[in-house]
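Student: My structure is stored as input.pdb, with PDB, C-alpha atoms.
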```pdb
ATOM      1  CA  MET A   1     -35.457  -6.350  16.792
ATOM      2  CA  GLY A   2     -32.918  -3.699  15.764
ATOM      3  CA  LYS A   3     -30.303  -5.055  18.162
ATOM      4  CA  LYS A   4     -30.846  -8.571  16.880
ATOM      5  CA  ILE A   5     -30.249  -7.458  13.306
ATOM      6  CA  MET A   6     -27.141  -5.519  14.366
ATOM      7  CA  SER A   7     -25.866  -8.537  16.268
ATOM      8  CA  ILE A   8     -26.341 -10.820  13.250
ATOM      9  CA  ALA A   9     -24.677  -8.254  10.976
ATOM     10  CA  CYS A  10     -21.687  -8.108  13.305
ATOM     11  CA  VAL A  11     -21.381 -11.896  13.300
ATOM     12  CA  VAL A  12     -21.540 -12.026   9.488
ATOM     13  CA  ALA A  13     -18.920  -9.263   9.206
ATOM     14  CA  ALA A  14     -16.743 -11.020  11.778
ATOM     15  CA  LEU A  15     -16.875 -14.298   9.847
ATOM     16  CA  PHE A  16     -15.905 -12.454   6.669
ATOM     17  CA  CYS A  17     -12.936 -10.808   8.405
ATOM     18  CA  LEU A  18     -11.717 -14.073   9.898
ATOM     19  CA  GLY A  19     -12.160 -15.915   6.606
ATOM     20  CA  TYR A  20     -10.331 -13.214   4.655
ATOM     21  CA  CYS A  21      -7.514 -13.329   7.208
ATOM     22  CA  VAL A  22      -7.078 -17.028   6.437
ATOM     23  CA  VAL A  23      -7.184 -16.407   2.677
ATOM     24  CA  VAL A  24      -4.476 -13.723   2.794
ATOM     25  CA  PHE A  25      -2.346 -15.830   5.136
ATOM     26  CA  ARG A  26      -2.599 -18.926   2.928
ATOM     27  CA  ILE A  27      -1.685 -17.033  -0.253
ATOM     28  CA  ARG A  28       1.224 -15.315   1.536
ATOM     29  CA  SER A  29       0.995 -11.530   1.294
ATOM     30  CA  GLY A  30       4.590 -10.865   2.367
ATOM     31  CA  SER A  31       3.635  -9.031   5.555
ATOM     32  CA  ARG A  32       1.711  -9.672   8.755
ATOM     33  CA  PHE A  33      -0.903  -7.021   8.132
ATOM     34  CA  TYR A  34      -3.435  -9.798   7.544
ATOM     35  CA  LEU A  35      -3.617 -10.102  11.354
ATOM     36  CA  ILE A  36      -5.682  -6.903  11.442
ATOM     37  CA  TRP A  37      -8.521  -8.907   9.899
ATOM     38  CA  ALA A  38      -8.358 -11.381  12.768
ATOM     39  CA  PHE A  39      -8.339  -8.488  15.225
ATOM     40  CA  GLY A  40     -11.329  -6.900  13.491
ATOM     41  CA  GLY A  41     -13.221 -10.190  13.475
ATOM     42  CA  VAL A  42     -12.680 -10.673  17.221
ATOM     43  CA  CYS A  43     -13.825  -7.102  17.920
ATOM     44  CA  LEU A  44     -16.974  -7.580  15.845
ATOM     45  CA  LEU A  45     -17.765 -10.819  17.664
ATOM     46  CA  GLY A  46     -17.331  -8.959  20.943
ATOM     47  CA  ILE A  47     -19.804  -6.267  19.838
ATOM     48  CA  ALA A  48     -22.251  -8.970  18.745
ATOM     49  CA  LEU A  49     -22.081 -10.526  22.207
ATOM     50  CA  LEU A  50     -22.588  -7.140  23.898
ATOM     51  CA  LEU A  51     -25.724  -6.604  21.832
ATOM     52  CA  HIS A  52     -27.048 -10.147  22.142
ATOM     53  CA  PHE A  53     -26.790 -10.249  25.943
ATOM     54  CA  ASN A  54     -27.962  -6.625  26.376
ATOM     55  CA  ILE A  55     -24.636  -5.624  27.941
ATOM     56  CA  TRP A  56     -24.404  -2.650  25.554
ATOM     57  CA  ASP A  57     -27.305  -0.900  27.292
ATOM     58  CA  LYS A  58     -25.576  -1.227  30.656
ATOM     59  CA  ILE A  59     -22.511   0.714  29.476
ATOM     60  CA  PRO A  60     -22.681   4.409  30.566
ATOM     61  CA  LEU A  61     -24.236   6.574  27.850
ATOM     62  CA  ILE A  62     -21.217   8.881  27.596
ATOM     63  CA  PHE A  63     -18.925   5.963  26.691
ATOM     64  CA  ARG A  64     -21.374   4.635  24.130
ATOM     65  CA  ARG A  65     -21.567   8.064  22.502
ATOM     66  CA  ILE A  66     -17.792   8.447  22.444
ATOM     67  CA  PHE A  67     -17.434   5.006  20.850
ATOM     68  CA  LEU A  68     -20.083   5.691  18.190
ATOM     69  CA  ALA A  69     -18.601   9.122  17.422
ATOM     70  CA  ALA A  70     -15.151   7.593  17.011
ATOM     71  CA  VAL A  71     -16.543   4.919  14.683
ATOM     72  CA  LEU A  72     -18.386   7.534  12.608
ATOM     73  CA  ILE A  73     -15.364   9.828  12.316
ATOM     74  CA  GLY A  74     -13.143   6.889  11.433
ATOM     75  CA  ALA A  75     -15.579   5.704   8.764
ATOM     76  CA  VAL A  76     -15.814   9.149   7.146
ATOM     77  CA  LEU A  77     -12.037   9.534   7.182
ATOM     78  CA  PHE A  78     -11.596   6.060   5.718
ATOM     79  CA  VAL A  79     -13.994   6.798   2.843
ATOM     80  CA  ILE A  80     -12.230  10.082   2.028
ATOM     81  CA  VAL A  81      -8.762   8.519   2.022
ATOM     82  CA  GLU A  82      -9.879   5.522  -0.020
ATOM     83  CA  GLY A  83     -11.428   7.910  -2.537
ATOM     84  CA  CYS A  84      -8.049   9.632  -2.879
ATOM     85  CA  ILE A  85      -6.338   6.273  -3.358
ATOM     86  CA  ILE A  86      -8.817   5.153  -6.035
ATOM     87  CA  SER A  87      -8.439   8.476  -7.880
ATOM     88  CA  ARG A  88      -4.868   7.437  -8.838
ATOM     89  CA  PHE A  89      -5.650   3.855  -9.830
ATOM     90  CA  HIS A  90      -5.243   4.421 -13.563
ATOM     91  CA  ASP A  91      -2.380   6.933 -13.710
ATOM     92  CA  LYS A  92      -0.140   6.164 -16.689
ATOM     93  CA  GLY A  93       2.336   9.022 -16.384
ATOM     94  CA  LYS A  94       3.472  11.058 -19.361
ATOM     95  CA  ALA A  95       5.978  10.495 -22.118
ATOM     96  CA  ASP A  96       9.716  11.209 -21.963
ATOM     97  CA  LEU A  97      10.149  11.627 -18.229
ATOM     98  CA  ASP A  98      13.694  12.272 -17.047
ATOM     99  CA  TYR A  99      13.447   9.559 -14.388
ATOM    100  CA  ILE A 100      11.111   6.894 -13.124
ATOM    101  CA  ILE A 101      11.408   5.560  -9.581
ATOM    102  CA  VAL A 102      10.295   1.961  -9.027
ATOM    103  CA  LEU A 103       9.280   1.545  -5.382
ATOM    104  CA  GLY A 104      10.523  -1.656  -3.789
ATOM    105  CA  ALA A 105       8.562  -4.629  -2.490
ATOM    106  CA  GLN A 106       9.470  -8.099  -1.269
ATOM    107  CA  MET A 107      12.144 -10.107  -3.025
ATOM    108  CA  LYS A 108      11.856 -13.896  -2.705
ATOM    109  CA  PRO A 109      14.530 -16.554  -3.310
ATOM    110  CA  ALA A 110      12.890 -17.334  -6.658
ATOM    111  CA  GLY A 111      12.759 -13.676  -7.687
ATOM    112  CA  PRO A 112      10.431 -10.675  -7.286
ATOM    113  CA  SER A 113       7.171 -11.201  -5.405
ATOM    114  CA  ALA A 114       3.995 -10.845  -7.476
ATOM    115  CA  VAL A 115       3.508  -7.283  -6.208
ATOM    116  CA  LEU A 116       7.035  -6.289  -7.226
ATOM    117  CA  LYS A 117       6.817  -8.078 -10.564
ATOM    118  CA  PHE A 118       3.744  -6.032 -11.465
ATOM    119  CA  ARG A 119       5.726  -2.849 -10.744
ATOM    120  CA  LEU A 120       8.735  -4.017 -12.734
ATOM    121  CA  ASP A 121       6.627  -5.015 -15.730
ATOM    122  CA  ALA A 122       5.027  -1.555 -15.741
ATOM    123  CA  ALA A 123       8.508   0.009 -15.526
ATOM    124  CA  TYR A 124       9.758  -2.211 -18.364
ATOM    125  CA  ASP A 125       6.847  -1.189 -20.591
ATOM    126  CA  TYR A 126       7.507   2.483 -19.896
ATOM    127  CA  LEU A 127      11.268   2.206 -20.438
ATOM    128  CA  THR A 128      10.882   0.414 -23.786
ATOM    129  CA  GLU A 129       8.524   3.150 -24.988
ATOM    130  CA  ASN A 130      10.634   6.043 -23.647
ATOM    131  CA  GLU A 131      14.271   5.291 -24.417
ATOM    132  CA  GLY A 132      15.680   8.472 -22.870
ATOM    133  CA  THR A 133      14.289   7.831 -19.391
ATOM    134  CA  ILE A 134      16.563   6.737 -16.532
ATOM    135  CA  CYS A 135      15.188   4.235 -14.015
ATOM    136  CA  VAL A 136      15.866   4.276 -10.272
ATOM    137  CA  VAL A 137      15.144   0.953  -8.561
ATOM    138  CA  SER A 138      14.645   1.588  -4.862
ATOM    139  CA  GLY A 139      14.667  -0.849  -1.960
ATOM    140  CA  GLY A 140      16.965  -2.268   0.696
ATOM    141  CA  GLN A 141      17.182  -5.793   2.087
ATOM    142  CA  GLY A 142      14.726  -7.092   4.653
ATOM    143  CA  SER A 143      15.457  -9.895   7.105
ATOM    144  CA  ASN A 144      13.465 -12.350   4.963
ATOM    145  CA  GLU A 145      14.970 -11.333   1.613
ATOM    146  CA  PRO A 146      17.894 -13.030  -0.201
ATOM    147  CA  CYS A 147      19.252  -9.753  -1.611
ATOM    148  CA  THR A 148      18.415  -6.067  -1.709
ATOM    149  CA  GLU A 149      15.226  -5.254  -3.553
ATOM    150  CA  ALA A 150      17.206  -2.865  -5.752
ATOM    151  CA  GLU A 151      19.593  -5.644  -6.806
ATOM    152  CA  GLY A 152      16.729  -8.012  -7.586
ATOM    153  CA  MET A 153      14.930  -5.346  -9.599
ATOM    154  CA  TYR A 154      18.117  -4.485 -11.498
ATOM    155  CA  ARG A 155      18.609  -8.133 -12.466
ATOM    156  CA  TYR A 156      14.979  -8.504 -13.537
ATOM    157  CA  LEU A 157      15.038  -5.452 -15.805
ATOM    158  CA  THR A 158      18.451  -6.157 -17.334
ATOM    159  CA  ASP A 159      17.451  -9.783 -17.984
ATOM    160  CA  LYS A 160      14.490  -8.406 -19.952
ATOM    161  CA  GLY A 161      16.799  -6.253 -22.049
ATOM    162  CA  ILE A 162      16.962  -2.856 -20.349
ATOM    163  CA  ALA A 163      20.491  -1.448 -20.699
ATOM    164  CA  PRO A 164      22.362  -1.456 -17.350
ATOM    165  CA  GLU A 165      23.469   2.153 -17.804
ATOM    166  CA  ARG A 166      19.830   3.242 -17.701
ATOM    167  CA  ILE A 167      19.328   1.837 -14.187
ATOM    168  CA  LEU A 168      20.416   3.419 -10.906
ATOM    169  CA  MET A 169      20.235   1.337  -7.715
ATOM    170  CA  GLU A 170      19.115   2.774  -4.379
ATOM    171  CA  ASP A 171      19.634  -0.088  -1.924
ATOM    172  CA  ARG A 172      19.245   1.399   1.586
ATOM    173  CA  SER A 173      15.567   2.247   1.992
ATOM    174  CA  THR A 174      13.205   0.303   4.233
ATOM    175  CA  ASP A 175       9.849   2.005   3.544
ATOM    176  CA  THR A 176       8.120   4.223   0.995
ATOM    177  CA  SER A 177       9.218   7.541   2.466
ATOM    178  CA  GLU A 178      12.836   6.357   2.434
ATOM    179  CA  ASN A 179      12.393   5.067  -1.137
ATOM    180  CA  ILE A 180      11.612   8.617  -2.187
ATOM    181  CA  ALA A 181      14.153  10.388   0.036
ATOM    182  CA  TYR A 182      17.108   8.168  -0.911
ATOM    183  CA  SER A 183      16.142   8.148  -4.595
ATOM    184  CA  LYS A 184      16.073  11.941  -4.492
ATOM    185  CA  ALA A 185      19.605  11.949  -3.053
ATOM    186  CA  LEU A 186      20.742   9.553  -5.797
ATOM    187  CA  ILE A 187      19.238  11.702  -8.549
ATOM    188  CA  GLY A 188      20.768  14.784  -6.958
ATOM    189  CA  ARG A 189      18.214  17.373  -8.066
ATOM    190  CA  THR A 190      14.487  18.076  -7.913
ATOM    191  CA  ASP A 191      13.986  20.153 -11.072
ATOM    192  CA  VAL A 192      13.480  17.029 -13.187
ATOM    193  CA  SER A 193      10.365  15.177 -14.304
ATOM    194  CA  VAL A 194       9.777  12.008 -12.310
ATOM    195  CA  GLY A 195       7.332   9.130 -12.543
ATOM    196  CA  ILE A 196       6.548   6.994  -9.504
ATOM    197  CA  VAL A 197       6.030   3.366 -10.515
ATOM    198  CA  THR A 198       4.040   1.284  -8.063
ATOM    199  CA  ASN A 199       0.830  -0.724  -7.719
ATOM    200  CA  ASN A 200      -2.472   1.072  -8.205
ATOM    201  CA  PHE A 201      -3.337   1.216  -4.491
ATOM    202  CA  HIS A 202       0.066   2.767  -3.706
ATOM    203  CA  VAL A 203       0.304   5.497  -6.371
ATOM    204  CA  PHE A 204      -1.454   8.261  -4.424
ATOM    205  CA  ARG A 205       0.934   8.033  -1.475
ATOM    206  CA  GLY A 206       4.018   7.619  -3.652
ATOM    207  CA  VAL A 207       3.248  10.703  -5.723
ATOM    208  CA  HIS A 208       2.487  12.884  -2.699
ATOM    209  CA  LEU A 209       5.599  11.720  -0.872
ATOM    210  CA  ALA A 210       7.628  12.708  -3.941
ATOM    211  CA  LYS A 211       6.004  16.135  -4.008
ATOM    212  CA  ALA A 212       6.670  16.593  -0.305
ATOM    213  CA  ALA A 213      10.313  15.654  -0.933
ATOM    214  CA  GLY A 214      10.617  18.606  -3.309
ATOM    215  CA  PHE A 215      10.223  17.091  -6.777
ATOM    216  CA  GLN A 216       8.548  19.754  -8.906
ATOM    217  CA  ASP A 217       7.195  17.626 -11.755
ATOM    218  CA  VAL A 218       5.774  14.311 -10.530
ATOM    219  CA  CYS A 219       3.282  11.853 -11.964
ATOM    220  CA  GLY A 220       2.183   8.323 -11.156
ATOM    221  CA  ILE A 221       2.640   5.208 -13.264
ATOM    222  CA  SER A 222       0.187   2.608 -12.048
ATOM    223  CA  ALA A 223       0.846  -1.127 -12.090
ATOM    224  CA  ARG A 224      -1.851  -3.685 -11.477
ATOM    225  CA  SER A 225      -2.334  -5.537  -8.210
ATOM    226  CA  ASN A 226      -3.265  -9.043  -7.095
ATOM    227  CA  VAL A 227      -7.058  -9.162  -6.873
ATOM    228  CA  TYR A 228      -7.000 -11.412  -3.790
ATOM    229  CA  PHE A 229      -4.875  -8.923  -1.852
ATOM    230  CA  GLN A 230      -6.571  -5.759  -3.104
ATOM    231  CA  LEU A 231      -8.860  -5.301  -0.113
ATOM    232  CA  ASN A 232      -6.004  -6.029   2.297
ATOM    233  CA  ASN A 233      -3.752  -3.590   0.436
ATOM    234  CA  MET A 234      -6.368  -0.838   0.368
ATOM    235  CA  VAL A 235      -6.891  -1.026   4.126
ATOM    236  CA  ARG A 236      -3.163  -1.232   4.772
ATOM    237  CA  GLU A 237      -2.587   1.802   2.567
ATOM    238  CA  PHE A 238      -5.107   3.794   4.612
ATOM    239  CA  PHE A 239      -2.969   3.282   7.694
ATOM    240  CA  GLY A 240       0.185   4.048   5.729
ATOM    241  CA  ILE A 241      -1.229   7.378   4.579
ATOM    242  CA  MET A 242      -2.387   8.253   8.084
ATOM    243  CA  LYS A 243       1.083   7.446   9.443
ATOM    244  CA  ASP A 244       2.768   9.669   6.865
ATOM    245  CA  LEU A 245       0.305  12.479   7.555
ATOM    246  CA  VAL A 246       1.030  12.313  11.288
ATOM    247  CA  CYS A 247       4.793  12.195  10.627
ATOM    248  CA  GLY A 248       4.581  15.187   8.288
ATOM    249  CA  ASN A 249       5.762  13.232   5.232
ATOM    250  CA  LEU A 250       2.795  14.116   3.010
ATOM    251  CA  ARG A 251       1.494  17.320   1.538
TER     252      ARG A 251
END
```
The structure in this file should be written as C-alpha cells.

Tutor:
Amino acid sequence: MGKKIMSIACVVAALFCLGYCVVVFRIRSGSRFYLIWAFGGVCLLGIALLLHFNIWDKIPLIFRRIFLAAVLIGAVLFVIVEGCIISRFHDKGKADLDYIIVLGAQMKPAGPSAVLKFRLDAAYDYLTENEGTICVVSGGQGSNEPCTEAEGMYRYLTDKGIAPERILMEDRSTDTSENIAYSKALIGRTDVSVGIVTNNFHVFRGVHLAKAAGFQDVCGISARSNVYFQLNNMVREFFGIMKDLVCGNLR
C-alpha cells in the first residue's frame, strides 16, 4: 500500500513538473532553465515505474540507501538555502547610499525584460528619493540581446528623468559575480556604502557576492518578481548559490 501511494505521489509530482515546464516555456523566461522541470518530471516518472513494477526492491540495498541519503541531504540543503533567500525578500536598503548597483538581466528588442524592468523601477524609486546616490548599471551583451544590458538600463533610467551624470555603465559582465567584480573596478574603492538592486529571489546572493568582493557597507534593495516565474527562479537561484559557494565567490 505504501509503495502504491508513493508511486501515485511521484506521478502527480511529475505531472506538475512537466506542466510547469510548459508554462515557463510558453511565457518565455529568458533562459533554458525551465528544462530542469522536464528533467525532474522524467526522473519522477521513472521512480514511479520502479515502485509500481517492484523493480525498486530488486536494486541492491546499498545503492538504495545511498540514493535515499543523497535525496535527504539535498532536501535539507535546499530548505536551508531557500530560507536564506527568503530572508532577503523584503530588503529596502538604507537612505543616502553612495552607490547602488543594478544587476543586469535580459534586454529584448522592445526594451528591458519584465525581470529587468522590476529592477530598474526599484532603482528609479530609490534614486528619486536619494538624490546624492550614484547608480551603476551592470551587464554586458548576450547573443540574444540587441544591445548591452548596461546601455538598455541607462536609456530606461534617463528616459524616466534620472540625470545621465548620476549613472555609470559597466558593460562587460556576463553573470552576477562579474556584475559585482566589474562594478567594483568601476567604482574604484570598497570603503563606500553600496546597495545591490535586484529581484527579491536574487538579493541574498547579490549582497553576499558584494561582501566577498570587499565592499564594507552593503545592503540589498529588493525589487518584485513575476509570480509565474517565482518557483523557477527560486530553484535556479539555489543552483546559482551552490555554484558560487563551490567557486569560492561567496562568504

Student: Nearest residue to Gly152 of chain A out of A:Gly139, A:Gly240, A:Gly41, A:Gly132, using all atoms listed in the file?

Tutor: A:Gly139

Student: Residues proximal to (-14.3, -8.8, 17.7) were defined as those with any atom within 10 Å of that point in the file's coordinates, counting all atoms listed in the file. Which are they, as a VMD selection string?

Tutor: chain A and resid 10 to 11 13 to 15 17 to 18 37 to 49

Student: Let me know the residues the PyMOL selection byres ((chain A and resi 209-212) around 7) catches in the file above, as a PyMOL selection string.

Tutor: chain A and resi 177+180+205-208+213-216+218+249-251

Student: Store the residues picked out above, limited to C-alpha atoms, as a PDB file, in the coordinates of the input.

Tutor:
```
ATOM      1  CA  SER A 177       9.218   7.541   2.466  1.00  0.00           C
ATOM      2  CA  ILE A 180      11.612   8.617  -2.187  1.00  0.00           C
ATOM      3  CA  ARG A 205       0.934   8.033  -1.475  1.00  0.00           C
ATOM      4  CA  GLY A 206       4.018   7.619  -3.652  1.00  0.00           C
ATOM      5  CA  VAL A 207       3.248  10.703  -5.723  1.00  0.00           C
ATOM      6  CA  HIS A 208       2.487  12.884  -2.699  1.00  0.00           C
ATOM      7  CA  ALA A 213      10.313  15.654  -0.933  1.00  0.00           C
ATOM      8  CA  GLY A 214      10.617  18.606  -3.309  1.00  0.00           C
ATOM      9  CA  PHE A 215      10.223  17.091  -6.777  1.00  0.00           C
ATOM     10  CA  GLN A 216       8.548  19.754  -8.906  1.00  0.00           C
ATOM     11  CA  VAL A 218       5.774  14.311 -10.530  1.00  0.00           C
ATOM     12  CA  ASN A 249       5.762  13.232   5.232  1.00  0.00           C
ATOM     13  CA  LEU A 250       2.795  14.116   3.010  1.00  0.00           C
ATOM     14  CA  ARG A 251       1.494  17.320   1.538  1.00  0.00           C
TER      15      ARG A 251
END
```

Student: Please define a box with edges along x, y and z of the file around all atoms of segment 63-66 of chain A given in the file, extend it by 5 Å on each side, and return its centre and edge lengths in Å to one decimal, as JSON.

Tutor:
```
{"center_x": -19.7, "center_y": 6.5, "center_z": 24.6, "size_x": 13.8, "size_y": 13.8, "size_z": 14.2}
```

Student: For the PyMOL selection byres ((chain A and resi 179) around 9), applied here, can you spell out every residue it catches as number ranges by chain?

Tutor: A: 101-104, 137-140, 170-178, 180-184

Student: Using the chain letters and residue numbers of this document, give as a PyMOL selection string the residues selected by the PyMOL selection byres ((chain A and resi 144) around 9).

Tutor: chain A and resi 106-108+141-143+145-146
